[in-house]
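The block underneath contains the structure these notes are about, expressed in structure tokens.
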Amino acid sequence: MSTFDVTARSTAVDANKAGADSFTFLPYFRSGAAAGIQGVATPPSAPARTTISIAFTLTDGRGGTEDVAQQIALRGPGDVLGIDPAQIIRRHPAPGTASASTGDLVHLEFDQPDLPWMFTPVAPVGGRLHPWLRLVVVPTSAITEEVPPAGPDLPSAVVVPARELPAAQDGWAWAHAQVSGTKLTEGTLARHLGTGAPQLNLSRLVCPRRLTANKQWTALVVPAFEAGRLAGLGQAPIDTLDWAWGATDTVTLPVYDRWEFATGDPLGFEDLARRIVGTPATPDLGRRWVDTSTPGSDLTVTGTPGPRAVRGALVAPMPDADASGRWEEASVARLRDRLAPSGGDPVVGPPIYGGAHLQRDLVPAAGQEPAWLAELNLDPAHRIAAALGAAVVRMDQEPLMAGAWSQLQNVLAANAVLRAAQFARFTSSALHSRTIAQMSAADTLQVTQRAHAHLDVDGRTAHGAVAASALPVAAGSAAMRRLTRPLGRSMRFVPLPDRAASAVAVIADGDAGTDWVVSVPGPMTTDDSGLLAQAEAGGGLTGVLDLAAGDDAADALVEIIQALPTPDDIRAFTDGPELNARLDEVLTLIALGWRLAQAQDPWPVPAVVLARFPETGLDPFDPGTTHPQSVIIDGVFTPVLEAAASRWDGRFEEFRWPTEIGPDRHALAPLWREPDPRVGETFDELRCHDLAEPVEPLRPRLDIAALDLAARLHPSLTVPRRTATRLPNLAGLLGRPLDDLDAVMAAPEFRTPLYEALDRYDREWLMPGIAAIPAPDMVTVLETNGRFVSSFLVGANHEFARELVWREYPTDGRATSLRRFWTPEPDIEPLHALRHGSLAGLADPRFDGKLVFVVRGELVRRFPHLLANVARSTNPDYPVEYASQPVRTLFRLTLSPDILLVGVDLTDAQVTASDNLSPMPPQDAHWLTLAEHVGAPRFGLDEEPEKPIGNPVQRDALSWKHWPPTNDHLPATIPKDLQVQPPRPVTSALFAWALFQKPARVGYRVASLLSETGG
């Protein structure tokens, strides 16, 4: 039944003439520079290369313009040596096909829609454009010689008779572009052909060869022009577009691509679909008869006579009521005893499938959980299914193990780290117990000093705890340890009996750290006049400011100078929070002294007072007692001020007075009413911040016992923490404690379903009895057997876990690596978690008891991508139309060479509830439909005409007799009997429309396939 209609796009520019239900065909498509090729020259007289004119306007930054025109040379067919294989997206028939249809035309699809015309150096004429390459098909036996490449990067070549090739001048008819969609506007067509929508467009080469049955063929992609042929052979190309063949009896053609296939009987999809016979499933389908009366292992069994019916993965959709070959309870009890471990030496016996995953070495008693473990291991039918799973694993054990090892890259590296950590923890613990655990508090503090910065103690590091105490951090340094060790040089001055105690006392007094805090000395003042001391005590600055020239002023100036540090002293001040406070005091003294120094000149200041400052140039033993004002200001205050400015930690801003000078801080303002210009310049350039007064808190003595260093540094804590930094996500990923250093137990997982492996091992266990159906082309319906699948997967995981352990894989032997049978979705849960329920409950209900349609025949072999769906019809007169109610497809499996399995979310009860097999199918009846893939179009003709030749014919009825080949190739003319309405120009798009084969569908009433099953 035809389902799609396709009409041709007759020209490359008029979208209104294009219409199709699925595709739009274009006779050619060009983009880029090739779209600009113009002219009327045609092969074979046209040149092998062409040029195009381009013009544009240049604009400079000043607004000036200039028109530029240029001739651009384009590459032609003589410049091509091959094509990118990635450009080929489909070949029909597929390479290696053994029974291709003789009614189809061989074709090749490219990803780029303009590739066949990209290097053609001429413009289209009348909607026709010759491609620069051709697809030819010749009998494999007709190839007389295989020619190796003539040089690097050149293709190989073949020698074939020219009579086996299509007409060289007809290439325009057998290349076209295709766009998804119909009745496209110009804008939509441009978007579908653009680079942003590669899935919507392609180009195609078609070979017009008429294939004959039962023959081996070779398809070749070759150059269409002589220039390309010579270039591919490594010869100098010619300058004209001569055809690549036609002048000689044989021709040597370079090959851009090739593939081989064979033809079978002259039957198409519709013919093969009509050969499919609906075969209802019989009760024996899906069962194999097995003699279980002699199971081995010294077991004697009794039961009902006859072989046991063992159901496979796919069974007839009916209950299994046959009781033959079943064991009596006594035989089951003997098997249970045989599976129990012996009290003496180990005895090799039948395995308990799934027992290792559950850590059970006994089969549960009746009524105990997990019931499925007893059901599987005590029923011979289920044990057979489990043994099949084990056999499949043994068959594929090498690729399975290779896949398991490939999943271990990171796990092996992590386990190497964990094993090294285990060794480090063991050896370090012994060392810790002999050394650190035996040390005193002081020794422990010193020896472990380098680890303090990494050791947490109640929210801060051990280093921080020591730094906040009265014990300096440097007391635990290596230099201090060398300095204070009992046998060191510094201890030789200590009496021998007291050396050990003296060394310890440097660090600790018992469990308390030694107090190294020294009181900070008071301000740098003298006791001569007490003026500064009075100001510091809160007495105000009036006594200093009101001094006149005389002895009191000289005494005050001497006191200030004696209180000042020298520039070298300032430069040696220790960095720290107290630095700015000391500099603040220095600046205050300078301000006071500078103001006093301006009161008179000279000053009676002894040389011994001023000689401390090198810039004065005085000798302390100079007997002089009077010195000029300039010596005091330039030699004392200015150098000290500059030294203080060099040590200040920020830019100097507005000078402010510290409160410790006295409460009347604004009383110093008169000091600057008439400042020395040098003083103003200095303080304008050097202005200081107003800093908060540092407060040095009282540092407590260090409680070394509270640090608990020996316990916190025990390897049982430190090694896991160190390991966690190398494996940061391990604990969270595996959900285990941080101090767990056991090796990671890996659990490899495979997403490949095992149905294919069982099919390779023995197809009769996948679909028992399917080979006995006599019809070679048939369709039947089975259903999935959840008990078999569950038993099979348990046995497969049992065997694979044993193999992992045997190969020293890092696992605990409980991994459920093989959980998938039908699809990449799991069919069972991990076995170690299945501690309740029956065997029937193990299987995923999404896949248990669902209908599976089995299609066998030449149709599947020739059309491996055919569409198979189940739907409820909405139109009883046309049940296989697309406007139906589809049933969800669970899986679609293809088994070599000619079997298709289609599982759907449907049960036999649902089918029989909507269809009672009345003569006329009800509206809601379920149908299985087989259809050609709409995304893989075919081109060809029917083998035989439906009507006598000479009558008007629709394109769907075109046959080879309507369009007889010439020299085994279709001519580039439309048959006169073909009705083309409305008339269209004869282009390659019209040929594609005429030869397009509509996808066909065939339907089978599902209820009829269940009619003999009691369903």
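Residue numbering restarts at 1 for every chain of the structure tokens, chains are lettered A, B, ... in their displayed order, and ligands are numbered from 1 as they appear.
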Please list as a PyMOL selection string every residue within 9 Å of A:Val980, counting only C-alpha atoms and excluding residues in the same chain fewer than 6 positions away. chain A and resi 954-955+994
Next, dump the selected residues to file, keeping only N, CA and C atoms, as a PDB file, in the first residue's frame.
ATOM      1  N   GLN A 954       0.394   6.220 -14.598  1.00  0.00           N
ATOM      2  CA  GLN A 954       0.894   7.038 -13.500  1.00  0.00           C
ATOM      3  C   GLN A 954       2.309   6.579 -13.146  1.00  0.00           C
ATOM      4  N   ARG A 955       3.033   7.462 -12.508  1.00  0.00           N
ATOM      5  CA  ARG A 955       4.428   7.121 -12.223  1.00  0.00           C
ATOM      6  C   ARG A 955       4.538   5.930 -11.287  1.00  0.00           C
ATOM      7  N   ALA A 994       9.962  10.683 -11.249  1.00  0.00           N
ATOM      8  CA  ALA A 994       9.388   9.560 -11.980  1.00  0.00           C
ATOM      9  C   ALA A 994       9.880   8.222 -11.438  1.00  0.00           C
TER      10      ALA A 994
END
What's around A:Gly194 at 12 Å? Count only C-alpha atoms, leave out sequence neighbours fewer than 3 positions away in its own chain, and write the answer as a ChimeraX atom specification. /A:29-32,111-114,179,187-191,197-202
Calculate how many Å separate atom CA of A:Leu335 from atom CA of A:Ile352, rounding to one decimal.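 Interatomic distance here is 10.8 Å.
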Each residue of stretch 365-399 of chain A with at least one atom at most 12 Å from stretch 299-308 of chain A should appear once, together with its nearest atom pair and the corresponding distance in Å (one decimal); atoms considered: only C-alpha atoms; ordering: chain, then increasing residue number; output as CSV.
residue,atom,partner,partner_atom,distance
A:Asp379,CA,A:Arg308,CA,10.9
A:Pro380,CA,A:Arg308,CA,8.8
A:Ala381,CA,A:Arg308,CA,7.7
A:His382,CA,A:Arg308,CA,11.5
A:Ile384,CA,A:Arg308,CA,11.1
Selected residues written out with N, CA and C atoms, as a tab-separated table (two decimals), in the first residue's frame:
chain	number	residue	atom	x	y	z
A	379	ASP	N	14.77	-25.82	41.20
A	379	ASP	CA	13.98	-26.23	40.04
A	379	ASP	C	14.94	-26.46	38.88
A	380	PRO	N	15.01	-27.67	38.33
A	380	PRO	CA	15.95	-27.94	37.23
A	380	PRO	C	15.78	-27.01	36.04
A	381	ALA	N	14.53	-26.61	35.73
A	381	ALA	CA	14.32	-25.73	34.57
A	381	ALA	C	15.00	-24.38	34.78
A	382	HIS	N	14.88	-23.85	35.98
A	382	HIS	CA	15.51	-22.55	36.25
A	382	HIS	C	17.03	-22.70	36.36
A	384	ILE	N	18.76	-24.72	34.60
A	384	ILE	CA	19.24	-24.80	33.21
A	384	ILE	C	19.40	-23.40	32.64
Wanna dump the stretch 368-410 of chain A-stretch 787-803 of chain A contacts at 6 Å for me, each residue with its shortest atom pair and the distance in Å to one decimal, counting only C-alpha atoms, ordered by chain and number, as a Markdown table?
| residue | atom | partner | partner_atom | distance |
| --- | --- | --- | --- | --- |
| A:His382 | CA | A:Ser791 | CA | 5.9 |
| A:Ala385 | CA | A:Phe792 | CA | 4.9 |
| A:Ala386 | CA | A:Gly795 | CA | 3.9 |
| A:Ala387 | CA | A:Gly795 | CA | 5.8 |
| A:Gly389 | CA | A:Ala796 | CA | 4.1 |
| A:Ala390 | CA | A:Ala796 | CA | 4.5 |
| A:Val393 | CA | A:Ala796 | CA | 5.9 |
Just the selected residues (N, CA, C and O atoms), exported as a short mmCIF file (atom, residue, chain, number, x, y, z; two decimals), in the first residue's frame, please.
data_model
loop_
_atom_site.label_atom_id
_atom_site.label_comp_id
_atom_site.auth_asym_id
_atom_site.auth_seq_id
_atom_site.Cartn_x
_atom_site.Cartn_y
_atom_site.Cartn_z
N HIS A 382 14.88 -23.85 35.98
CA HIS A 382 15.51 -22.55 36.25
C HIS A 382 17.03 -22.70 36.36
O HIS A 382 17.77 -21.78 35.96
N ALA A 385 18.43 -22.51 32.91
CA ALA A 385 18.53 -21.14 32.41
C ALA A 385 19.73 -20.43 33.02
O ALA A 385 20.47 -19.70 32.33
N ALA A 386 19.95 -20.64 34.33
CA ALA A 386 21.12 -20.02 34.98
C ALA A 386 22.41 -20.58 34.42
O ALA A 386 23.39 -19.84 34.21
N ALA A 387 22.44 -21.88 34.15
CA ALA A 387 23.64 -22.48 33.57
C ALA A 387 23.89 -21.96 32.17
O ALA A 387 25.06 -21.82 31.74
N GLY A 389 23.26 -18.87 31.25
CA GLY A 389 23.91 -17.59 31.48
C GLY A 389 25.38 -17.76 31.79
O GLY A 389 26.23 -17.00 31.30
N ALA A 390 25.71 -18.76 32.63
CA ALA A 390 27.11 -19.02 32.94
C ALA A 390 27.88 -19.45 31.71
O ALA A 390 29.03 -19.04 31.49
N VAL A 393 28.72 -16.49 29.52
CA VAL A 393 29.84 -15.71 30.07
C VAL A 393 31.15 -16.41 29.77
O VAL A 393 32.15 -15.77 29.41
#
